[in-house]
Structure formats: C-alpha cells, structure tokens
>>> print(open('run_30.cif').read())   # mmCIF, C-alpha atoms
data_final
loop_
_atom_site.label_atom_id
_atom_site.label_comp_id
_atom_site.auth_asym_id
_atom_site.auth_seq_id
_atom_site.Cartn_x
_atom_site.Cartn_y
_atom_site.Cartn_z
CA MET Y 1 48.52 -65.28 -26.73
CA ILE Y 2 45.43 -64.07 -24.80
CA ASP Y 3 45.81 -66.99 -22.35
CA GLN Y 4 49.43 -65.96 -21.71
CA ILE Y 5 48.39 -62.34 -21.01
CA PHE Y 6 45.59 -63.35 -18.63
CA SER Y 7 47.88 -65.80 -16.84
CA LYS Y 8 49.95 -62.80 -15.66
CA LEU Y 9 46.85 -60.86 -14.55
CA LYS Y 10 45.59 -61.88 -11.17
CA GLY Y 11 42.24 -61.10 -9.58
CA ASP Y 12 38.76 -61.13 -11.09
CA LYS Y 13 39.18 -61.75 -14.85
CA TRP Y 14 35.77 -60.24 -15.62
CA ILE Y 15 36.87 -56.90 -14.17
CA TRP Y 16 39.94 -56.97 -16.42
CA ILE Y 17 37.73 -57.72 -19.45
CA ILE Y 18 35.27 -54.92 -18.58
CA VAL Y 19 38.14 -52.42 -18.18
CA ILE Y 20 39.67 -53.41 -21.53
CA VAL Y 21 36.29 -53.14 -23.31
CA LEU Y 22 35.56 -49.72 -21.77
CA SER Y 23 39.06 -48.47 -22.64
CA GLY Y 24 38.72 -49.59 -26.26
CA TRP Y 25 35.27 -48.00 -26.52
CA SER Y 26 36.70 -44.83 -25.00
CA LEU Y 27 39.27 -44.53 -27.79
CA LEU Y 28 36.53 -44.73 -30.44
CA ALA Y 29 34.22 -42.28 -28.65
CA VAL Y 30 36.91 -39.70 -27.88
CA TYR Y 31 38.35 -39.82 -31.41
CA SER Y 32 34.87 -39.25 -32.79
CA SER Y 33 34.02 -36.36 -30.44
CA VAL Y 34 37.17 -34.19 -30.41
CA GLY Y 35 36.79 -32.87 -33.97
CA THR Y 36 35.39 -29.47 -32.96
CA LEU Y 37 37.98 -29.06 -30.19
CA ALA Y 38 40.78 -29.90 -32.62
CA TYR Y 39 39.42 -27.38 -35.15
CA LYS Y 40 39.18 -24.59 -32.54
CA GLU Y 41 42.72 -25.19 -31.31
CA GLY Y 42 44.17 -25.79 -34.78
CA LYS Y 43 45.41 -29.30 -33.99
CA GLY Y 44 44.81 -32.69 -35.55
CA THR Y 45 42.36 -35.14 -33.99
CA GLU Y 46 45.11 -37.77 -34.07
CA LEU Y 47 47.08 -35.73 -31.52
CA TYR Y 48 44.19 -35.95 -29.03
CA LEU Y 49 43.75 -39.63 -29.79
CA PHE Y 50 47.44 -40.32 -29.13
CA LYS Y 51 47.35 -38.33 -25.89
CA HIS Y 52 44.23 -40.16 -24.73
CA PHE Y 53 45.74 -43.52 -25.70
CA SER Y 54 48.88 -42.66 -23.71
CA ILE Y 55 46.83 -41.84 -20.60
CA ILE Y 56 44.85 -45.10 -20.92
CA ALA Y 57 48.12 -47.03 -21.33
CA ILE Y 58 49.61 -45.38 -18.22
CA GLY Y 59 46.35 -46.09 -16.39
CA LEU Y 60 46.53 -49.79 -17.26
CA VAL Y 61 50.14 -49.91 -16.02
CA LEU Y 62 49.08 -48.25 -12.73
CA MET Y 63 46.19 -50.68 -12.46
CA TYR Y 64 48.57 -53.62 -12.94
CA LEU Y 65 51.06 -52.30 -10.36
CA SER Y 66 48.27 -51.51 -7.87
CA HIS Y 67 46.84 -55.01 -8.14
CA LYS Y 68 50.27 -56.58 -7.55
CA LEU Y 69 50.61 -54.85 -4.15
CA ASP Y 70 48.93 -56.66 -1.25
CA TYR Y 71 45.80 -54.67 -0.44
CA ARG Y 72 46.62 -54.66 3.30
CA TYR Y 73 49.43 -52.16 2.61
CA TYR Y 74 46.78 -49.65 1.49
CA ALA Y 75 45.64 -49.31 5.11
CA GLY Y 76 48.92 -47.59 5.96
CA ILE Y 77 49.03 -45.72 2.66
CA SER Y 78 45.53 -44.32 3.28
CA LYS Y 79 46.70 -42.61 6.47
CA LEU Y 80 49.55 -40.95 4.58
CA LEU Y 81 47.20 -39.94 1.74
CA MET Y 82 44.82 -38.25 4.18
CA ILE Y 83 47.70 -36.28 5.71
CA ILE Y 84 48.60 -35.07 2.19
CA THR Y 85 45.05 -34.62 0.89
CA ILE Y 86 43.56 -32.07 3.31
CA PRO Y 87 46.41 -29.50 2.98
CA LEU Y 88 46.40 -30.10 -0.78
CA LEU Y 89 42.66 -29.38 -1.02
CA LEU Y 90 43.17 -26.20 1.02
CA PHE Y 91 46.00 -25.14 -1.28
CA THR Y 92 43.80 -25.84 -4.32
CA LEU Y 93 41.07 -23.53 -2.98
CA ILE Y 94 43.53 -20.75 -2.21
CA GLY Y 95 46.14 -20.99 -4.95
CA GLY Y 96 44.78 -23.46 -7.51
CA ASN Y 97 44.06 -22.80 -11.17
CA LYS Y 98 40.71 -21.00 -11.39
CA VAL Y 99 38.29 -21.85 -14.21
CA ASN Y 100 34.65 -20.65 -14.18
CA ASP Y 101 34.97 -19.40 -10.57
CA ALA Y 102 36.14 -22.85 -9.44
CA SER Y 103 39.60 -23.77 -8.16
CA ARG Y 104 39.83 -27.50 -8.83
CA TRP Y 105 43.26 -27.98 -10.35
CA VAL Y 106 46.87 -27.46 -9.33
CA THR Y 107 49.85 -27.42 -11.67
CA ILE Y 108 52.55 -29.99 -11.00
CA PRO Y 109 55.98 -28.32 -11.10
CA VAL Y 110 58.64 -29.41 -13.62
CA ILE Y 111 56.25 -31.36 -15.90
CA ASN Y 112 53.79 -28.42 -15.94
CA GLN Y 113 50.68 -30.62 -15.99
CA THR Y 114 47.41 -29.85 -14.22
CA PHE Y 115 45.98 -32.30 -11.73
CA GLN Y 116 42.51 -32.38 -10.12
CA THR Y 117 43.00 -32.81 -6.38
CA SER Y 118 39.47 -34.10 -5.75
CA ASP Y 119 40.38 -37.33 -7.58
CA LEU Y 120 43.15 -37.99 -5.06
CA ALA Y 121 40.82 -36.97 -2.20
CA LYS Y 122 38.17 -39.53 -3.25
CA LEU Y 123 40.70 -42.37 -3.25
CA ALA Y 124 42.25 -41.21 0.02
CA LEU Y 125 38.96 -40.82 1.91
CA ILE Y 126 37.44 -44.13 0.78
CA THR Y 127 40.58 -46.14 1.66
CA PHE Y 128 40.90 -44.28 4.99
CA LEU Y 129 37.23 -44.86 5.82
CA ALA Y 130 37.61 -48.58 4.99
CA ARG Y 131 40.61 -48.72 7.36
CA MET Y 132 38.78 -46.92 10.18
CA LEU Y 133 35.61 -49.01 9.87
CA SER Y 134 37.53 -52.30 9.85
CA ARG Y 135 39.60 -51.34 12.91
CA LYS Y 136 36.72 -49.88 14.94
CA GLN Y 137 34.26 -52.76 14.56
CA GLU Y 138 34.45 -53.68 18.27
CA ASP Y 139 33.58 -50.10 19.29
CA ILE Y 140 31.57 -49.16 16.20
CA LYS Y 141 28.63 -47.78 18.21
CA ASP Y 142 30.87 -45.64 20.43
CA VAL Y 143 30.56 -41.96 19.50
CA LYS Y 144 33.96 -40.86 20.87
CA LYS Y 145 36.06 -43.80 19.72
CA SER Y 146 34.51 -44.43 16.31
CA PHE Y 147 31.83 -42.04 15.07
CA ALA Y 148 33.56 -38.72 15.83
CA PRO Y 149 36.96 -39.49 14.19
CA ILE Y 150 35.31 -41.11 11.17
CA MET Y 151 32.89 -38.23 10.58
CA GLY Y 152 35.58 -35.63 11.20
CA ALA Y 153 37.50 -36.93 8.16
CA VAL Y 154 34.36 -37.26 6.02
CA CYS Y 155 33.06 -33.74 6.77
CA ALA Y 156 36.45 -32.07 6.32
CA VAL Y 157 36.99 -33.58 2.85
CA PHE Y 158 33.33 -33.02 1.86
CA VAL Y 159 33.44 -29.27 2.61
CA LEU Y 160 36.83 -28.72 0.97
CA ILE Y 161 35.73 -30.45 -2.24
CA ALA Y 162 32.17 -29.03 -2.27
CA TRP Y 163 33.42 -25.45 -2.15
CA ALA Y 164 34.60 -25.79 -5.75
CA ASN Y 165 33.14 -29.11 -6.99
CA LEU Y 166 29.74 -29.82 -5.44
CA SER Y 167 28.76 -32.77 -7.65
CA THR Y 168 31.93 -34.73 -6.82
CA ALA Y 169 31.51 -33.96 -3.12
CA LEU Y 170 27.88 -35.17 -3.11
CA MET Y 171 28.78 -38.46 -4.83
CA LEU Y 172 31.64 -39.01 -2.40
CA PHE Y 173 29.34 -38.25 0.53
CA GLY Y 174 26.78 -40.76 -0.80
CA THR Y 175 29.52 -43.42 -1.09
CA CYS Y 176 30.61 -42.73 2.50
CA VAL Y 177 27.01 -43.10 3.77
CA LEU Y 178 26.73 -46.48 2.00
CA LEU Y 179 30.00 -47.58 3.60
CA LEU Y 180 28.75 -46.49 7.01
CA LEU Y 181 25.64 -48.62 6.51
CA ILE Y 182 27.75 -51.66 5.59
CA GLY Y 183 30.10 -50.86 8.48
CA ARG Y 184 27.26 -51.24 11.05
CA ILE Y 185 27.11 -47.58 12.09
CA SER Y 186 23.71 -47.09 13.77
CA PHE Y 187 20.79 -45.61 11.81
CA LYS Y 188 20.54 -42.82 14.36
CA GLN Y 189 24.14 -41.80 13.75
CA ILE Y 190 23.69 -42.05 9.97
CA ALA Y 191 20.62 -39.80 10.26
CA ILE Y 192 22.79 -37.27 12.11
CA VAL Y 193 25.36 -37.56 9.30
CA CYS Y 194 22.70 -36.86 6.65
CA VAL Y 195 21.32 -33.84 8.56
CA GLY Y 196 24.83 -32.48 8.99
CA GLY Y 197 25.59 -33.10 5.31
CA GLY Y 198 22.39 -31.29 4.33
CA PHE Y 199 23.38 -28.30 6.45
CA LEU Y 200 26.87 -28.18 4.89
CA LEU Y 201 25.30 -28.53 1.43
CA ALA Y 202 22.97 -25.57 2.03
CA LEU Y 203 25.92 -23.56 3.33
CA VAL Y 204 27.98 -24.23 0.18
CA ILE Y 205 25.06 -23.48 -2.18
CA LEU Y 206 24.03 -20.25 -0.42
CA ILE Y 207 27.38 -18.65 0.44
CA GLY Y 208 29.96 -20.55 -1.63
CA PRO Y 209 31.90 -18.90 -4.48
CA ARG Y 210 29.84 -20.83 -7.10
CA ARG Y 211 26.42 -20.19 -5.55
CA ALA Y 212 25.18 -18.40 -8.70
CA THR Y 213 26.17 -21.38 -10.89
CA TYR Y 214 24.60 -23.94 -8.55
CA LEU Y 215 21.34 -22.04 -8.18
CA SER Y 216 21.18 -21.41 -11.94
CA ARG Y 217 21.61 -25.12 -12.76
CA ILE Y 218 19.05 -26.22 -10.19
CA GLU Y 219 16.58 -23.62 -11.43
CA GLY Y 220 17.24 -24.53 -15.05
CA PHE Y 221 16.66 -28.22 -14.35
CA PHE Y 222 13.15 -27.50 -13.03
CA ARG Y 223 12.26 -25.07 -15.84
CA THR Y 224 12.74 -27.31 -18.88
CA GLU Y 225 8.97 -27.40 -19.56
CA GLU Y 226 8.94 -23.61 -20.02
CA VAL Y 227 11.54 -23.92 -22.77
CA ALA Y 228 9.54 -26.69 -24.43
CA THR Y 229 6.44 -24.45 -24.60
CA GLY Y 230 8.41 -21.51 -25.93
CA ASP Y 231 8.06 -19.38 -22.80
CA VAL Y 232 11.84 -19.07 -22.59
CA PRO Y 233 14.02 -18.52 -25.71
CA PHE Y 234 16.39 -21.46 -26.28
CA GLN Y 235 19.50 -19.26 -26.21
CA GLU Y 236 18.51 -17.95 -22.78
CA ASP Y 237 17.70 -21.38 -21.38
CA LYS Y 238 19.81 -22.14 -18.32
CA ASN Y 239 19.54 -25.83 -19.11
CA TYR Y 240 20.43 -25.64 -22.80
CA GLN Y 241 23.29 -28.14 -22.47
CA ALA Y 242 20.97 -30.86 -21.19
CA ASN Y 243 18.42 -30.05 -23.92
CA LEU Y 244 21.09 -30.38 -26.61
CA ALA Y 245 22.12 -33.71 -25.07
CA LYS Y 246 18.54 -35.01 -25.20
CA MET Y 247 18.18 -33.97 -28.85
CA THR Y 248 21.48 -35.71 -29.64
CA ILE Y 249 20.29 -38.89 -27.91
CA ALA Y 250 16.91 -38.80 -29.67
CA SER Y 251 18.58 -38.60 -33.09
CA GLY Y 252 20.44 -41.87 -32.43
CA GLU Y 253 17.22 -43.92 -32.22
CA PHE Y 254 17.67 -47.64 -31.47
CA PHE Y 255 20.68 -48.67 -33.58
CA GLY Y 256 22.44 -45.30 -33.89
CA LYS Y 257 24.05 -43.46 -36.80
CA GLY Y 258 27.27 -45.45 -36.73
CA ALA Y 259 30.72 -44.71 -35.30
CA GLY Y 260 32.05 -41.29 -36.34
CA ASN Y 261 28.70 -40.01 -37.68
CA SER Y 262 27.67 -37.84 -34.72
CA MET Y 263 26.25 -34.36 -35.34
CA GLY Y 264 25.80 -33.53 -31.66
CA ARG Y 265 29.58 -33.35 -31.19
CA ASN Y 266 29.52 -30.05 -33.11
CA LEU Y 267 26.89 -28.55 -30.78
CA LEU Y 268 27.42 -29.98 -27.32
CA PRO Y 269 29.95 -28.37 -24.99
CA HIS Y 270 32.55 -30.94 -23.87
CA PRO Y 271 31.18 -33.86 -25.94
CA TYR Y 272 34.40 -35.76 -25.22
CA SER Y 273 33.96 -35.67 -21.42
CA ASP Y 274 30.79 -34.45 -19.66
CA PHE Y 275 28.39 -35.44 -22.48
CA ILE Y 276 30.22 -38.36 -24.04
CA PHE Y 277 27.32 -40.70 -23.16
CA ALA Y 278 25.02 -38.66 -25.43
CA ILE Y 279 27.52 -39.04 -28.30
CA ILE Y 280 27.76 -42.80 -27.68
CA ILE Y 281 23.97 -43.20 -27.85
CA GLU Y 282 23.79 -41.05 -30.99
CA GLU Y 283 26.40 -43.21 -32.75
CA TYR Y 284 25.57 -46.63 -31.27
CA GLY Y 285 21.90 -46.12 -30.47
CA THR Y 286 19.85 -46.98 -27.42
CA LEU Y 287 21.24 -50.50 -27.77
CA GLY Y 288 24.80 -49.22 -27.39
CA GLY Y 289 23.83 -47.07 -24.40
CA ALA Y 290 22.18 -50.09 -22.74
CA VAL Y 291 25.29 -52.21 -23.33
CA LEU Y 292 27.47 -49.51 -21.75
CA LEU Y 293 25.15 -49.28 -18.75
CA MET Y 294 25.23 -53.07 -18.34
CA LEU Y 295 29.04 -53.02 -18.34
CA TYR Y 296 29.04 -50.70 -15.32
CA MET Y 297 26.38 -52.80 -13.62
CA ALA Y 298 28.49 -55.91 -14.27
CA LEU Y 299 31.49 -54.13 -12.76
CA MET Y 300 29.49 -53.33 -9.62
CA TYR Y 301 28.25 -56.93 -9.44
CA ARG Y 302 31.82 -58.27 -9.58
CA CYS Y 303 32.83 -55.82 -6.81
CA ILE Y 304 29.92 -56.99 -4.63
CA ARG Y 305 30.98 -60.58 -5.25
CA ILE Y 306 34.49 -59.70 -4.02
CA VAL Y 307 32.92 -58.10 -0.92
CA THR Y 308 31.02 -61.31 -0.10
CA LEU Y 309 34.10 -63.52 -0.59
CA SER Y 310 36.63 -61.35 1.25
CA PRO Y 311 37.68 -62.98 4.55
CA ARG Y 312 38.80 -59.66 6.04
CA ALA Y 313 36.69 -56.58 6.79
CA PHE Y 314 39.21 -54.12 5.34
CA GLY Y 315 39.23 -55.84 1.95
CA ALA Y 316 35.42 -55.97 1.88
CA PHE Y 317 35.11 -52.27 2.75
CA LEU Y 318 37.72 -51.35 0.12
CA ALA Y 319 35.99 -53.26 -2.68
CA ALA Y 320 32.56 -51.92 -1.66
CA GLY Y 321 33.61 -48.27 -1.30
CA LEU Y 322 35.66 -48.04 -4.48
CA GLY Y 323 33.08 -50.04 -6.46
CA PHE Y 324 30.20 -47.83 -5.27
CA SER Y 325 32.22 -44.69 -6.05
CA LEU Y 326 32.88 -45.70 -9.67
CA THR Y 327 29.32 -46.88 -10.30
CA ILE Y 328 27.69 -43.80 -8.75
CA GLN Y 329 29.90 -41.55 -10.86
CA ALA Y 330 29.00 -43.45 -14.03
CA LEU Y 331 25.26 -43.31 -13.25
CA ALA Y 332 25.50 -39.57 -12.46
CA ASN Y 333 27.14 -38.84 -15.82
CA MET Y 334 24.50 -40.88 -17.67
CA ALA Y 335 21.66 -39.28 -15.69
CA VAL Y 336 22.78 -35.79 -16.71
CA ALA Y 337 22.98 -36.81 -20.38
CA VAL Y 338 19.42 -38.18 -20.44
CA GLY Y 339 17.98 -35.28 -18.42
CA LEU Y 340 17.48 -37.01 -15.08
CA GLY Y 341 19.69 -34.57 -13.19
CA PRO Y 342 21.09 -31.03 -13.35
CA VAL Y 343 24.25 -30.46 -15.40
CA THR Y 344 27.48 -31.37 -13.61
CA GLY Y 345 31.10 -31.67 -14.66
CA VAL Y 346 31.38 -35.37 -13.84
CA PRO Y 347 33.28 -37.53 -16.38
CA LEU Y 348 32.25 -41.06 -17.34
CA PRO Y 349 34.82 -43.39 -15.66
CA LEU Y 350 37.34 -44.93 -18.09
CA VAL Y 351 35.45 -43.52 -21.09
CA SER Y 352 35.58 -39.70 -20.95
CA MET Y 353 38.74 -37.95 -22.09
CA GLY Y 354 40.76 -36.81 -19.12
CA GLY Y 355 44.01 -37.22 -17.24
CA THR Y 356 43.77 -37.59 -13.48
CA SER Y 357 40.27 -39.10 -13.61
CA ILE Y 358 41.43 -42.08 -15.69
CA LEU Y 359 44.63 -42.53 -13.68
CA PHE Y 360 42.97 -42.53 -10.26
CA THR Y 361 40.11 -44.71 -11.55
CA SER Y 362 42.73 -47.21 -12.73
CA VAL Y 363 44.44 -47.20 -9.32
CA ALA Y 364 41.05 -47.73 -7.62
CA LEU Y 365 40.32 -50.71 -9.86
CA GLY Y 366 43.82 -52.04 -9.19
CA ILE Y 367 43.11 -51.96 -5.44
CA ILE Y 368 39.83 -53.84 -5.97
CA LEU Y 369 41.72 -56.45 -8.01
CA SER Y 370 44.33 -56.71 -5.26
CA VAL Y 371 41.55 -57.75 -2.85
CA SER Y 372 40.33 -60.26 -5.44
CA ARG Y 373 43.88 -61.58 -5.95
CA ASN Y 374 44.22 -62.17 -2.21
CA ILE Y 375 40.95 -64.16 -2.21
CA GLU Y 376 42.24 -66.32 -5.08
CA GLU Y 377 45.55 -66.97 -3.29
CA LEU Y 378 43.80 -67.98 -0.05
CA LYS Y 379 41.49 -70.27 -1.99
CA GLY Y 380 44.46 -71.81 -3.79
CA LYS Y 381 46.23 -72.49 -0.47
CA GLU Y 382 43.11 -74.11 0.96
CA GLU Y 383 42.81 -76.38 -2.09
CA LEU Y 384 46.52 -77.26 -1.85
CA ASN Y 385 46.20 -78.11 1.85
CA GLU Y 386 43.15 -80.25 1.08
CA ILE Y 387 45.05 -82.19 -1.58
CA SER Y 388 48.16 -82.66 0.61
CA LYS Y 389 46.19 -84.04 3.58
CA PRO Y 390 46.96 -87.74 4.22
CA ARG Y 391 44.02 -89.94 3.34
CA LYS Y 392 43.01 -93.06 5.25
CA VAL Y 393 42.99 -96.22 3.23
CA VAL Y 394 40.28 -98.66 4.27
CA VAL Y 395 41.01 -102.26 3.41
CA GLY Y 396 37.92 -104.36 3.09
CA THR Y 397 37.29 -108.02 2.55
CA ILE Y 398 35.78 -109.37 -0.57
#
>>> encode(input="run_30.cif", output="structure tokens")
Amino acid sequence: MIDQIFSKLKGDKWIWIIVIVLSGWSLLAVYSSVGTLAYKEGKGTELYLFKHFSIIAIGLVLMYLSHKLDYRYYAGISKLLMIITIPLLLFTLIGGNKVNDASRWVTIPVINQTFQTSDLAKLALITFLARMLSRKQEDIKDVKKSFAPIMGAVCAVFVLIAWANLSTALMLFGTCVLLLLIGRISFKQIAIVCVGGGFLLALVILIGPRRATYLSRIEGFFRTEEVATGDVPFQEDKNYQANLAKMTIASGEFFGKGAGNSMGRNLLPHPYSDFIFAIIIEEYGTLGGAVLLMLYMALMYRCIRIVTLSPRAFGAFLAAGLGFSLTIQALANMAVAVGLGPVTGVPLPLVSMGGTSILFTSVALGIILSVSRNIEELKGKEELNEISKPRKVVVGTI
C-alpha cells in the first residue's frame, strides 16, 4: 500500500516523508493547544481540528499538483505573480483588514475568507528572483542590466511587506541576500543592498504605523533581566509572552509531560501558532524539540542536495531560495519561543495552525519537488540511453 502511494509521488522521497511527519505532528499539537480558544469562542476543539485537517489536506493536494508541473513553467508564472503581488500589497496596506494597527489580510469575495498577502509575495519574489538570476548570469556584474532590475523588485516588496509585517519582510530580505550570494552578485553590490536594507528598516521602525510595537518589542527583549530581578512587575513586562514561553519550555524537561498534558496552552497567547514550539517542547520534552529541529535541518539538507544536482541554474536557484525561506522561518519561530529573539508573529511552517501559510508552504515544497522530479527524469533517461547503447563484442581465442 505505502509502496503504491510512493510510486505515484515523484521527486525526493525524503521531502515527502518529512512533510507527512510534520503534518501529522501538527494535527496533534494544534488539537492539544486550541482548548482555550475553543472555550473562549464557545466551540468544540474537534471543529478546529477538522478545519486544520482540511487545510493540511488541501495543502497536500496543492503540493502534489505543484510537483507535477514542470518547474520551468514557474519562470513565466513568477512574472505574472509579481505583476499581481505589488498592487495587491498596496491594496492590503490601504484597504486590508486591520488588526493591532497592521493591515496584513484581505478578504476574498464570495467565499468570505481572509488571506495574508505576504505569503503570496514571498513565493512570487523568490521565484522571480530565481528567474532573473538564472537569465542574467552572463551580465550578472552589470549594474544596469542585472543589479538595478533585481534590486528594484526586492526593495519594492520588502518595503510594502515591512510596513505592516516587519519580521516576514526581514526573513524574506535575508533569503534574497543568500540567493544573491549564490547567484554571483559581487560582494560590493551585496554590501550596498545591506546598507540600503538597513536604511529602509530604520525608516519603517521610526516612522511606520507600527513603530510603537516594534520599539516596545525590541526594548522588551533587552530588558528581560530587569524582570528577573523584580525591577519590573511581570504584568507590565513588555516581553511577558517570551517569558511565559520559556517557563512553558522549562516545565517540559527532557522527556516532556506527554501529548495533551500542556499547561502553558492556557497561559500563552496564540499557543496554536506563534508559540506552538513551546507547547511541543512542554509535551514532548527537549528530545521532541530536538527531533523537530532536525526535521527542518533534514529538509534544508535535501533542498541543498537538489541544488547541487540540478543541471539548470533556474532549478538550483528555486530549490535554494524556497528551501532557505522555509528553514529561516522555522528557525525564527523556534528562536522566539526559546528567547533568542524578540516576539514576532511568524508561524512554524507546516506545524502552526493557519490557512494561507500552510497552503503557500505546500506550493513552495511542490515547486522544490518539481525540480527534484526533473533531476530524476533526466537521470532515468541517461541510464536508459546507457543501456540501449550497442556494445562491442570482442571474440578472443582460447
């Protein structure tokens, strides 16, 4: 039965296994952590579980369909996505749904479902950047022909996302810088990119609509020792969410309390999304957290392997960019939970409860698998040609 299923799935089998394991773990973690939310809204936890299961199922279907399409078609699709993305991000800032002084979502007409436009923007920019880098390799050092058009797209998307969602914008910017390094952009030009990014970052933090929130979180992150000594009351602590997460993690010890036995889920805000890693460590222990971390590291390793095997630059850039994006997001979520970074609203890929995040992550993984599928097909053709070659028969004398 399992052999029959995997025979229909092309591409790197280890990536498929990692996705299935993370999706199954996600169902357990979300079901365990939505109790307080269900109580507040007067709904059953099974309703949230069914909804989350439905999104994961749709995500797996999208992943399957994405991996069936030849990855070279995504070069043309990326151009179309960029044409749609920038006006959509502008519309989100002006007329999107506002929550906590941030306009990140738009409502899709007819079905009346919200959708986070930055998820589409990440996919669009990375695929577009992979296309541009692969096509400009002959003139990659030329400022007018290569650097200016590439950085124009990167800076435009970065500013539009950062205005309402700084953490996502910073991770996307970091992914783009890594792609530029792989794409042979000169260190001097990359230094200019980083200086320009730093200037835009300062602009967003100092005059953006969420400047008070950003400054408060940064200040709170560097003042945790004052709370520990009692200089600041816990209820007034600007970093109380991270402190609750650390206490939740500490209570899990090495082997954890067991699935469904979390206490932190009743205290942490958004334990089913932003702080789901803390709940996982509380229930499955440091051992469980280490296993989860290793799964993401294994995913990145398989993506790097695809990069090294890809015969075409576009496929290599796609696998690298999308792989880096997913891994950086996962590490950022984990870093916040363990107190290594200021609080952000970044979900854990494929594990946190959410709609558009899971769906676009699934599409990204499908594109990576499409590159891997192409490598397998080329390898299969080479082996077939090798077998079908006529062989010389040497007749010797005894």
>>> resolve_selection(input="run_30.cif", expression="the PyMOL selection byres ((chain Y and resi 58) around 12)", output="PDB file with C-alpha atoms, in the coordinates of the input")
ATOM      1  CA  SER Y  23      39.060 -48.470 -22.640  1.00  0.00           C
ATOM      2  CA  LYS Y  51      47.350 -38.330 -25.890  1.00  0.00           C
ATOM      3  CA  HIS Y  52      44.230 -40.160 -24.730  1.00  0.00           C
ATOM      4  CA  PHE Y  53      45.740 -43.520 -25.700  1.00  0.00           C
ATOM      5  CA  SER Y  54      48.880 -42.660 -23.710  1.00  0.00           C
ATOM      6  CA  ILE Y  55      46.830 -41.840 -20.600  1.00  0.00           C
ATOM      7  CA  ILE Y  56      44.850 -45.100 -20.920  1.00  0.00           C
ATOM      8  CA  ALA Y  57      48.120 -47.030 -21.330  1.00  0.00           C
ATOM      9  CA  GLY Y  59      46.350 -46.090 -16.390  1.00  0.00           C
ATOM     10  CA  LEU Y  60      46.530 -49.790 -17.260  1.00  0.00           C
ATOM     11  CA  VAL Y  61      50.140 -49.910 -16.020  1.00  0.00           C
ATOM     12  CA  LEU Y  62      49.080 -48.250 -12.730  1.00  0.00           C
ATOM     13  CA  MET Y  63      46.190 -50.680 -12.460  1.00  0.00           C
ATOM     14  CA  TYR Y  64      48.570 -53.620 -12.940  1.00  0.00           C
ATOM     15  CA  LEU Y  65      51.060 -52.300 -10.360  1.00  0.00           C
ATOM     16  CA  GLY Y 355      44.010 -37.220 -17.240  1.00  0.00           C
ATOM     17  CA  THR Y 356      43.770 -37.590 -13.480  1.00  0.00           C
ATOM     18  CA  ILE Y 358      41.430 -42.080 -15.690  1.00  0.00           C
ATOM     19  CA  LEU Y 359      44.630 -42.530 -13.680  1.00  0.00           C
ATOM     20  CA  PHE Y 360      42.970 -42.530 -10.260  1.00  0.00           C
ATOM     21  CA  THR Y 361      40.110 -44.710 -11.550  1.00  0.00           C
ATOM     22  CA  SER Y 362      42.730 -47.210 -12.730  1.00  0.00           C
ATOM     23  CA  VAL Y 363      44.440 -47.200  -9.320  1.00  0.00           C
TER      24      VAL Y 363
END
>>> axis_aligned_box(input="run_30.cif", around="range 185-201 of chain Y", padding_each_side="6 Å", output="lines of an AutoDock Vina configuration file")
center_x = 23.8
center_y = -37.9
center_z = 7.9
size_x = 18.6
size_y = 31.4
size_z = 24.9
>>> resolve_selection(input="run_30.cif", expression="the PyMOL selection byres ((chain Y and resi 187-195) around 12)", output="number ranges by chain")
Y: 140-143, 146-148, 150-152, 154-155, 158, 170, 173-174, 176-186, 196-202
>>> resolve_selection(input="run_30.cif", expression="the PyMOL selection byres ((chain Y and resi 22) around 9)", output="list of chain:residue names")
Y:Ile17, Y:Ile18, Y:Val19, Y:Ile20, Y:Val21, Y:Ser23, Y:Gly24, Y:Trp25, Y:Ser26, Y:Leu27, Y:Leu292, Y:Leu295, Y:Pro349, Y:Leu350, Y:Val351
>>> closest_residue(input="run_30.cif", among="Y:Ile83, Y:Pro347, Y:Pro209, Y:Thr107", to="Gly95 in chain Y", atoms="only C-alpha atoms")
Y:Thr107
>>> atom_distance(input="run_30.cif", atom1="CA of Asp119 in chain Y", atom2="CA of Ser357 in chain Y")
6.3 Å
>>> atom_distance(input="run_30.cif", atom1="CA of Ala130 in chain Y", atom2="CA of Lys8 in chain Y")
27.9 Å
>>> build_atoms(input="run_30.cif", residues="range 332-342 of chain Y", atoms="N, CA, C and O atoms", output="JSON list (two decimals), keeping the file's coordinate frame")
[["chain", "number", "residue", "atom", "x", "y", "z"],
["Y", 332, "ALA", "N", 25.72, -41.02, -12.50],
["Y", 332, "ALA", "CA", 25.50, -39.57, -12.46],
["Y", 332, "ALA", "C", 25.75, -38.95, -13.83],
["Y", 332, "ALA", "O", 24.99, -38.10, -14.30],
["Y", 333, "ASN", "N", 26.84, -39.36, -14.48],
["Y", 333, "ASN", "CA", 27.14, -38.84, -15.82],
["Y", 333, "ASN", "C", 26.03, -39.19, -16.81],
["Y", 333, "ASN", "O", 25.59, -38.35, -17.60],
["Y", 334, "MET", "N", 25.56, -40.43, -16.77],
["Y", 334, "MET", "CA", 24.50, -40.88, -17.67],
["Y", 334, "MET", "C", 23.19, -40.16, -17.36],
["Y", 334, "MET", "O", 22.43, -39.81, -18.29],
["Y", 335, "ALA", "N", 22.90, -39.95, -16.08],
["Y", 335, "ALA", "CA", 21.66, -39.28, -15.69],
["Y", 335, "ALA", "C", 21.60, -37.86, -16.22],
["Y", 335, "ALA", "O", 20.56, -37.39, -16.68],
["Y", 336, "VAL", "N", 22.73, -37.16, -16.18],
["Y", 336, "VAL", "CA", 22.78, -35.79, -16.71],
["Y", 336, "VAL", "C", 22.52, -35.80, -18.22],
["Y", 336, "VAL", "O", 21.76, -34.98, -18.73],
["Y", 337, "ALA", "N", 23.13, -36.75, -18.93],
["Y", 337, "ALA", "CA", 22.98, -36.81, -20.38],
["Y", 337, "ALA", "C", 21.54, -37.04, -20.81],
["Y", 337, "ALA", "O", 21.07, -36.47, -21.80],
["Y", 338, "VAL", "N", 20.80, -37.86, -20.05],
["Y", 338, "VAL", "CA", 19.42, -38.18, -20.44],
["Y", 338, "VAL", "C", 18.39, -37.28, -19.75],
["Y", 338, "VAL", "O", 17.19, -37.48, -19.89],
["Y", 339, "GLY", "N", 18.88, -36.27, -19.01],
["Y", 339, "GLY", "CA", 17.98, -35.28, -18.42],
["Y", 339, "GLY", "C", 17.38, -35.66, -17.09],
["Y", 339, "GLY", "O", 16.36, -35.09, -16.68],
["Y", 340, "LEU", "N", 18.00, -36.61, -16.38],
["Y", 340, "LEU", "CA", 17.48, -37.01, -15.08],
["Y", 340, "LEU", "C", 18.14, -36.27, -13.92],
["Y", 340, "LEU", "O", 17.85, -36.55, -12.76],
["Y", 341, "GLY", "N", 19.02, -35.34, -14.23],
["Y", 341, "GLY", "CA", 19.69, -34.57, -13.19],
["Y", 341, "GLY", "C", 20.25, -33.29, -13.76],
["Y", 341, "GLY", "O", 20.44, -33.16, -14.98],
["Y", 342, "PRO", "N", 20.51, -32.29, -12.88],
["Y", 342, "PRO", "CA", 21.09, -31.03, -13.35],
["Y", 342, "PRO", "C", 22.50, -31.23, -13.89],
["Y", 342, "PRO", "O", 23.18, -32.21, -13.53]]
